[in-house]
>>> print(open('work.cif').read())   # mmCIF, C-alpha atoms and all ligand atoms
data_input
#
loop_
_atom_site.label_atom_id
_atom_site.label_comp_id
_atom_site.auth_asym_id
_atom_site.auth_seq_id
_atom_site.Cartn_x
_atom_site.Cartn_y
_atom_site.Cartn_z
CA MET J 1 0.00 0.00 0.00
CA ASN J 2 1.17 3.56 -0.73
CA TYR J 3 0.76 6.48 1.62
CA LYS J 4 0.64 10.26 1.35
CA ILE J 5 1.04 12.91 4.04
CA GLY J 6 -2.41 13.65 5.44
CA ASP J 7 -3.80 15.92 8.16
CA ILE J 8 -1.71 17.31 10.97
CA LEU J 9 -2.40 15.49 14.23
CA PHE J 10 -0.07 17.62 16.40
CA THR J 11 1.48 20.90 15.32
CA ARG J 12 5.09 21.79 16.03
CA GLU J 13 3.87 24.23 18.70
CA GLN J 14 1.80 21.54 20.45
CA ILE J 15 4.75 19.16 20.31
CA SER J 16 7.16 21.73 21.66
CA THR J 17 4.88 22.59 24.60
CA ARG J 18 4.30 18.95 25.49
CA VAL J 19 7.98 17.98 25.21
CA ILE J 20 8.91 20.73 27.67
CA GLU J 21 6.17 19.54 30.05
CA LEU J 22 7.48 15.97 29.82
CA SER J 23 11.00 17.13 30.48
CA GLN J 24 9.82 18.99 33.57
CA GLU J 25 8.00 15.85 34.82
CA ILE J 26 11.19 13.82 34.40
CA ARG J 27 13.23 16.53 36.06
CA LYS J 28 10.87 16.80 39.05
CA ASP J 29 10.81 13.02 39.64
CA PHE J 30 14.54 12.73 39.23
CA ILE J 31 15.28 15.51 41.72
CA GLU J 32 12.78 14.01 44.18
CA PHE J 33 14.03 10.41 44.02
CA HIS J 34 17.59 10.44 42.68
CA THR J 35 19.25 13.74 43.59
CA GLY J 36 22.99 13.68 43.02
CA GLN J 37 22.85 10.57 40.83
CA GLU J 38 23.36 10.13 37.13
CA LEU J 39 20.50 9.99 34.63
CA LEU J 40 21.08 7.97 31.47
CA MET J 41 18.69 8.84 28.66
CA VAL J 42 18.63 6.04 26.06
CA GLY J 43 17.27 7.00 22.65
CA ILE J 44 15.98 4.25 20.42
CA LEU J 45 17.06 5.10 16.90
CA LYS J 46 16.06 6.22 14.51
CA GLY J 47 12.56 7.23 15.52
CA SER J 48 13.41 9.01 18.78
CA ALA J 49 16.31 11.11 17.43
CA ILE J 50 14.42 14.39 17.14
CA PHE J 51 12.33 13.88 20.27
CA ILE J 52 15.28 13.05 22.55
CA ALA J 53 17.24 16.04 21.23
CA ASP J 54 14.48 18.41 22.32
CA LEU J 55 13.68 16.49 25.52
CA VAL J 56 17.18 16.48 27.02
CA ARG J 57 17.81 20.13 26.28
CA ALA J 58 14.93 21.09 28.58
CA LEU J 59 16.15 18.99 31.54
CA GLY J 60 18.35 21.70 33.01
CA GLN J 61 22.06 21.95 33.70
CA ASP J 62 21.88 20.94 37.37
CA ILE J 63 21.10 17.27 36.54
CA ASP J 64 23.93 14.92 35.55
CA VAL J 65 22.45 13.72 32.25
CA ARG J 66 24.19 11.25 29.93
CA LEU J 67 23.02 10.14 26.52
CA ASP J 68 23.25 6.78 24.87
CA PHE J 69 21.54 5.19 21.90
CA MET J 70 20.43 1.81 20.67
CA VAL J 71 19.69 1.01 17.08
CA ILE J 72 17.12 -1.69 16.67
CA SER J 73 15.20 -3.01 13.76
CA SER J 74 11.95 -4.81 14.12
CA TYR J 75 11.03 -7.32 11.50
CA GLY J 76 7.71 -6.63 9.86
CA SER J 77 6.05 -4.69 7.09
CA ASP J 78 6.37 -0.93 6.63
CA THR J 79 3.53 -0.18 9.01
CA LYS J 80 3.34 -3.21 11.35
CA SER J 81 5.99 -4.49 13.72
CA SER J 82 6.31 -8.21 14.29
CA GLY J 83 7.76 -7.94 17.79
CA VAL J 84 10.91 -9.74 16.74
CA VAL J 85 13.63 -7.22 17.43
CA ARG J 86 17.23 -7.26 16.29
CA ILE J 87 19.82 -5.11 18.09
CA ILE J 88 21.96 -3.44 15.45
CA LYS J 89 23.83 -1.18 17.88
CA ASP J 90 23.85 -1.87 21.59
CA LEU J 91 24.44 0.65 24.36
CA ASP J 92 27.98 1.95 24.86
CA ALA J 93 27.38 2.33 28.60
CA TYR J 94 27.06 -0.33 31.30
CA ILE J 95 23.76 0.34 33.01
CA GLU J 96 24.20 -1.69 36.20
CA ASN J 97 23.14 0.52 39.14
CA LYS J 98 22.27 3.39 36.80
CA ASN J 99 19.01 5.29 36.46
CA VAL J 100 17.86 4.70 32.92
CA ILE J 101 15.02 6.21 30.89
CA ILE J 102 14.30 4.61 27.52
CA VAL J 103 13.12 7.25 25.04
CA GLU J 104 10.91 5.96 22.22
CA ASP J 105 8.93 7.65 19.47
CA ILE J 106 5.81 5.52 19.72
CA ILE J 107 4.47 2.44 21.48
CA ASP J 108 2.03 0.55 19.34
CA THR J 109 1.51 -3.17 20.07
CA GLY J 110 4.08 -2.88 22.89
CA LEU J 111 6.07 -5.84 21.56
CA THR J 112 9.24 -3.83 20.85
CA MET J 113 9.27 -2.05 24.21
CA SER J 114 8.43 -5.18 26.12
CA TYR J 115 11.39 -6.94 24.50
CA LEU J 116 13.71 -3.99 25.17
CA LEU J 117 12.63 -3.77 28.80
CA SER J 118 13.30 -7.45 29.31
CA ILE J 119 16.84 -7.25 27.95
CA LEU J 120 17.75 -4.03 29.77
CA GLN J 121 16.22 -5.21 33.05
CA ARG J 122 18.58 -8.20 33.01
CA ARG J 123 21.51 -5.74 33.15
CA ALA J 124 20.39 -4.68 36.67
CA PRO J 125 19.86 -0.92 36.36
CA SER J 126 18.99 0.90 39.57
CA SER J 127 15.81 2.18 37.89
CA LEU J 128 14.38 1.69 34.41
CA LYS J 129 11.60 3.89 33.04
CA VAL J 130 9.90 4.46 29.71
CA CYS J 131 9.27 7.79 28.01
CA SER J 132 7.35 7.68 24.74
CA LEU J 133 6.24 10.65 22.69
CA LEU J 134 3.18 8.80 21.40
CA ASN J 135 1.12 5.90 22.68
CA LYS J 136 -1.46 3.80 20.81
CA GLU J 137 -2.99 2.13 23.84
CA GLU J 138 -5.86 0.55 21.89
CA ARG J 139 -3.40 -1.48 19.75
CA ARG J 140 -1.62 -3.13 22.67
CA LYS J 141 -0.86 -6.84 22.43
CA VAL J 142 1.32 -6.94 25.54
CA PRO J 143 1.06 -4.60 28.53
CA VAL J 144 3.71 -1.89 28.81
CA PHE J 145 3.72 0.76 31.52
CA VAL J 146 4.62 4.15 30.05
CA ASP J 147 6.05 6.33 32.81
CA TYR J 148 6.14 9.48 30.68
CA CYS J 149 3.77 9.76 27.71
CA GLY J 150 3.55 12.73 25.35
CA PHE J 151 0.24 12.07 23.61
CA GLU J 152 -2.29 9.25 23.43
CA ILE J 153 -3.26 8.70 19.79
CA PRO J 154 -5.93 6.68 17.98
CA ASP J 155 -5.17 3.71 15.74
CA LYS J 156 -3.70 5.70 12.84
CA PHE J 157 -0.29 5.50 11.21
CA VAL J 158 1.57 8.76 11.85
CA VAL J 159 4.73 10.35 10.49
CA GLY J 160 6.94 13.35 11.20
CA TYR J 161 9.05 14.59 14.13
CA GLY J 162 11.21 11.48 13.78
CA LEU J 163 8.52 8.98 12.81
CA ASP J 164 8.77 7.47 9.36
CA TYR J 165 6.93 5.54 6.73
CA SER J 166 9.44 3.34 4.93
CA GLY J 167 12.29 5.71 5.85
CA LYS J 168 10.45 8.83 4.67
CA TRP J 169 9.02 11.90 6.40
CA ARG J 170 11.03 11.82 9.63
CA HIS J 171 12.03 15.42 8.93
CA LEU J 172 8.51 16.88 9.03
CA PRO J 173 8.22 19.32 11.97
CA ASP J 174 4.57 18.42 12.66
CA ILE J 175 3.13 14.97 13.36
CA CYS J 176 0.81 14.03 10.50
CA VAL J 177 -1.44 11.11 9.66
CA ALA J 178 -0.16 8.97 6.78
CA GLU J 179 -3.11 8.28 4.52
CA PRO J 180 -3.37 5.39 2.09
CA VAL J 181 -3.62 6.47 -1.57
P1 LIG J 201 5.38 -1.94 18.54
O1 LIG J 201 6.40 -3.02 18.74
O2 LIG J 201 4.18 -2.46 17.81
O3 LIG J 201 4.98 -1.22 19.81
O4 LIG J 201 5.98 -0.92 17.51
C1 LIG J 201 6.86 0.05 17.87
C2 LIG J 201 7.57 0.58 16.64
O5 LIG J 201 6.75 0.51 15.45
C3 LIG J 201 7.88 2.04 16.82
O6 LIG J 201 9.12 2.25 17.46
C4 LIG J 201 7.86 2.55 15.39
O7 LIG J 201 9.13 2.34 14.80
C5 LIG J 201 6.85 1.67 14.68
N1 LIG J 201 5.54 2.32 14.60
C6 LIG J 201 4.39 1.93 15.19
N2 LIG J 201 3.38 2.75 14.88
C7 LIG J 201 3.90 3.71 14.07
C8 LIG J 201 3.35 4.87 13.43
O8 LIG J 201 2.16 5.21 13.55
N3 LIG J 201 4.23 5.61 12.70
C9 LIG J 201 5.54 5.29 12.55
N4 LIG J 201 6.10 4.22 13.14
C10 LIG J 201 5.27 3.44 13.90
#
>>> encode(input="work.cif", output="structure tokens")
Amino acid sequence: MNYKIGDILFTREQISTRVIELSQEIRKDFIEFHTGQELLMVGILKGSAIFIADLVRALGQDIDVRLDFMVISSYGSDTKSSGVVRIIKDLDAYIENKNVIIVEDIIDTGLTMSYLLSILQRRAPSSLKVCSLLNKEERRKVPVFVDYCGFEIPDKFVVGYGLDYSGKWRHLPDICVAEPV
């Protein structure tokens, strides 16, 4: 099936406001529970690249923030993940006894995040949380608790602000619905 860029679901202004709010939530919790410790923000590439760049810059200079990235590919079609995940690039950092927040673009069936959580949990981090810009709760196949969620969205395929269709449209500043043509 082919897709075209459809209606805007969230404008760049809405995204910017919400990302700053999320960052402030993370900041508040971190100061309350982990003052003086290190916070490792783990971006899942490529979808979270733009989101994590904006998110971390609003955290503030008084928190000891580190960045790391994983590259994963999930087997499936262009618009459906199969839940079978291959790690193409693992973390550089050891996460044992670290406070880790996984930063994702979207949680759909939950299969990818559930797999990631299970492998990272085995590395014994001190805390492990999930921050996702978008969440399609109604599509869940496995339960995933999202500690920090930008927007709940309906069952539509969306692109922009890092999210792609077949590698395209990650660069769009707004989040748009991809419509079948
Ligand atoms: P899950 O394993 O079904 O939760 O799928 C998660 C991954 O599927 C995300 O990290 C995205 O790469 C991709 N994905 C799911 N829904 C969308 C969408 O609406 N737009 C773009 N990518 C999506």
>>> closest_residue(input="work.cif", among="J:Gly36, J:Pro143, J:Gly43, J:Gly6", to="Asp174 of chain J", atoms="only C-alpha atoms")
J:Gly6
>>> residues_around(input="work.cif", residues="Glu21 of chain J", least_positions_apart="6", cutoff="12 Å", atoms="all atoms listed in the file", output="list in words")
Gln14, Ile15, Arg27, Lys28, Asp54, Leu55, Val56, Ala58, Leu59, Leu133, Tyr148, Cys149, Gly150 and Phe151 of chain J
>>> atom_distance(input="work.cif", atom1="atom CA of Glu32 of chain J", atom2="atom CA of Gly60 of chain J")
14.7 Å
>>> axis_aligned_box(input="work.cif", around="ligand LIG 201 (chain J)", padding_each_side="4 Å", output="JSON")
{"center_x": 5.6, "center_y": 1.3, "center_z": 16.2, "size_x": 15.0, "size_y": 16.6, "size_z": 15.3}
>>> atom_distance(input="work.cif", atom1="atom CA of Met41 of chain J", atom2="atom CA of Ile107 of chain J")
17.2 Å
>>> atom_distance(input="work.cif", atom1="atom CA of Gln37 of chain J", atom2="atom CA of Asp64 of chain J")
6.9 Å
>>> closest_residue(input="work.cif", among="J:Gly167, J:Gly110, J:Pro173, J:Pro154", to="ligand LIG 201 (chain J)", atoms="all atoms listed in the file")
J:Gly110
>>> residues_near_ligand(input="work.cif", ligand="ligand LIG 201 (chain J)", cutoff="8 Å", atoms="all atoms listed in the file", output="PDB file with C-alpha atoms, in the frame of the given file")
ATOM      1  CA  ILE J  44      15.980   4.250  20.420  1.00  0.00           C
ATOM      2  CA  LYS J  46      16.060   6.220  14.510  1.00  0.00           C
ATOM      3  CA  GLY J  47      12.560   7.230  15.520  1.00  0.00           C
ATOM      4  CA  SER J  74      11.950  -4.810  14.120  1.00  0.00           C
ATOM      5  CA  THR J  79       3.530  -0.180   9.010  1.00  0.00           C
ATOM      6  CA  LYS J  80       3.340  -3.210  11.350  1.00  0.00           C
ATOM      7  CA  SER J  81       5.990  -4.490  13.720  1.00  0.00           C
ATOM      8  CA  SER J  82       6.310  -8.210  14.290  1.00  0.00           C
ATOM      9  CA  GLY J  83       7.760  -7.940  17.790  1.00  0.00           C
ATOM     10  CA  GLU J 104      10.910   5.960  22.220  1.00  0.00           C
ATOM     11  CA  ASP J 105       8.930   7.650  19.470  1.00  0.00           C
ATOM     12  CA  ILE J 106       5.810   5.520  19.720  1.00  0.00           C
ATOM     13  CA  ILE J 107       4.470   2.440  21.480  1.00  0.00           C
ATOM     14  CA  ASP J 108       2.030   0.550  19.340  1.00  0.00           C
ATOM     15  CA  THR J 109       1.510  -3.170  20.070  1.00  0.00           C
ATOM     16  CA  GLY J 110       4.080  -2.880  22.890  1.00  0.00           C
ATOM     17  CA  LEU J 111       6.070  -5.840  21.560  1.00  0.00           C
ATOM     18  CA  THR J 112       9.240  -3.830  20.850  1.00  0.00           C
ATOM     19  CA  MET J 113       9.270  -2.050  24.210  1.00  0.00           C
ATOM     20  CA  SER J 114       8.430  -5.180  26.120  1.00  0.00           C
ATOM     21  CA  LYS J 136      -1.460   3.800  20.810  1.00  0.00           C
ATOM     22  CA  ARG J 139      -3.400  -1.480  19.750  1.00  0.00           C
ATOM     23  CA  ARG J 140      -1.620  -3.130  22.670  1.00  0.00           C
ATOM     24  CA  ASP J 155      -5.170   3.710  15.740  1.00  0.00           C
ATOM     25  CA  LYS J 156      -3.700   5.700  12.840  1.00  0.00           C
ATOM     26  CA  PHE J 157      -0.290   5.500  11.210  1.00  0.00           C
ATOM     27  CA  VAL J 158       1.570   8.760  11.850  1.00  0.00           C
ATOM     28  CA  VAL J 159       4.730  10.350  10.490  1.00  0.00           C
ATOM     29  CA  LEU J 163       8.520   8.980  12.810  1.00  0.00           C
ATOM     30  CA  ASP J 164       8.770   7.470   9.360  1.00  0.00           C
ATOM     31  CA  TYR J 165       6.930   5.540   6.730  1.00  0.00           C
ATOM     32  CA  VAL J 177      -1.440  11.110   9.660  1.00  0.00           C
TER      33      VAL J 177
END
>>> closest_residue(input="work.cif", among="J:Ser73, J:Asn99, J:Ser166, J:Gln24", to="Val42 of chain J", atoms="all atoms listed in the file")
J:Asn99
>>> residues_around(input="work.cif", residues="Asp92 of chain J", least_positions_apart="3", cutoff="9 Å", atoms="only C-alpha atoms", output="tab-separated table (two decimals) with C-alpha atoms, in the frame of the given file")
chain	number	residue	atom	x	y	z
J	68	ASP	CA	23.25	6.78	24.87
J	69	PHE	CA	21.54	5.19	21.90
J	70	MET	CA	20.43	1.81	20.67
J	89	LYS	CA	23.83	-1.18	17.88
>>> residues_near_point(input="work.cif", point="(21.8, 5.6, 38.1)", cutoff="9 Å", atoms="only C-alpha atoms", output="list in words")
His34, Gln37, Glu38, Leu39, Leu40, Ile95, Glu96, Asn97, Lys98, Asn99, Val100, Pro125, Ser126 and Ser127 of chain J
>>> closest_residue(input="work.cif", among="J:Ile102, J:His171, J:Ile31, J:Ile153", to="Glu137 of chain J", atoms="all atoms listed in the file")
J:Ile153
>>> closest_residue(input="work.cif", among="J:Ala49, J:Val144, J:Tyr94, J:Ile88", to="Ala124 of chain J", atoms="only C-alpha atoms")
J:Tyr94
>>> closest_residue(input="work.cif", among="J:Ile72, J:Val103, J:Ile50, J:Ile26", to="Val84 of chain J", atoms="all atoms listed in the file")
J:Ile72
>>> decode(input="work.cif", residues="segment 6-22 of chain J", atoms="N, CA, C and O atoms", output="compact mmCIF listing (two decimals), in the first residue's frame")
# COMPACT_ATOMS: atom_id res chain seq x y z
N GLY J 6 -1.04 13.17 5.24
CA GLY J 6 -2.41 13.65 5.44
C GLY J 6 -2.48 14.78 6.45
O GLY J 6 -1.54 15.58 6.57
N ASP J 7 -3.57 14.82 7.21
CA ASP J 7 -3.80 15.92 8.16
C ASP J 7 -2.77 15.95 9.27
O ASP J 7 -2.23 14.92 9.67
N ILE J 8 -2.58 17.15 9.80
CA ILE J 8 -1.71 17.31 10.97
C ILE J 8 -2.46 16.82 12.21
O ILE J 8 -3.61 17.23 12.45
N LEU J 9 -1.80 15.96 12.97
CA LEU J 9 -2.40 15.49 14.23
C LEU J 9 -1.93 16.38 15.39
O LEU J 9 -2.72 16.76 16.25
N PHE J 10 -0.63 16.69 15.40
CA PHE J 10 -0.07 17.62 16.40
C PHE J 10 0.86 18.60 15.69
O PHE J 10 1.75 18.18 14.95
N THR J 11 0.63 19.88 15.94
CA THR J 11 1.48 20.90 15.32
C THR J 11 2.82 20.97 16.04
O THR J 11 2.95 20.51 17.19
N ARG J 12 3.77 21.62 15.40
CA ARG J 12 5.09 21.79 16.03
C ARG J 12 4.98 22.54 17.36
O ARG J 12 5.72 22.27 18.28
N GLU J 13 4.03 23.47 17.44
CA GLU J 13 3.87 24.23 18.70
C GLU J 13 3.33 23.31 19.80
O GLU J 13 3.79 23.36 20.94
N GLN J 14 2.35 22.49 19.45
CA GLN J 14 1.80 21.54 20.45
C GLN J 14 2.88 20.57 20.92
O GLN J 14 2.98 20.25 22.10
N ILE J 15 3.68 20.11 19.97
CA ILE J 15 4.75 19.16 20.31
C ILE J 15 5.75 19.83 21.25
O ILE J 15 6.12 19.29 22.28
N SER J 16 6.16 21.03 20.88
CA SER J 16 7.16 21.73 21.66
C SER J 16 6.68 21.95 23.10
O SER J 16 7.42 21.71 24.07
N THR J 17 5.42 22.37 23.26
CA THR J 17 4.88 22.59 24.60
C THR J 17 4.86 21.29 25.41
O THR J 17 5.28 21.25 26.56
N ARG J 18 4.43 20.23 24.78
CA ARG J 18 4.30 18.95 25.49
C ARG J 18 5.67 18.36 25.84
O ARG J 18 5.84 17.76 26.91
N VAL J 19 6.64 18.54 24.94
CA VAL J 19 7.98 17.98 25.21
C VAL J 19 8.59 18.70 26.42
O VAL J 19 9.20 18.06 27.29
N ILE J 20 8.37 20.00 26.51
CA ILE J 20 8.91 20.73 27.67
C ILE J 20 8.20 20.27 28.95
O ILE J 20 8.84 20.07 29.98
N GLU J 21 6.90 20.05 28.86
CA GLU J 21 6.17 19.54 30.05
C GLU J 21 6.72 18.18 30.48
O GLU J 21 6.93 17.93 31.67
N LEU J 22 6.95 17.31 29.50
CA LEU J 22 7.48 15.97 29.82
C LEU J 22 8.84 16.06 30.50
O LEU J 22 9.13 15.36 31.46
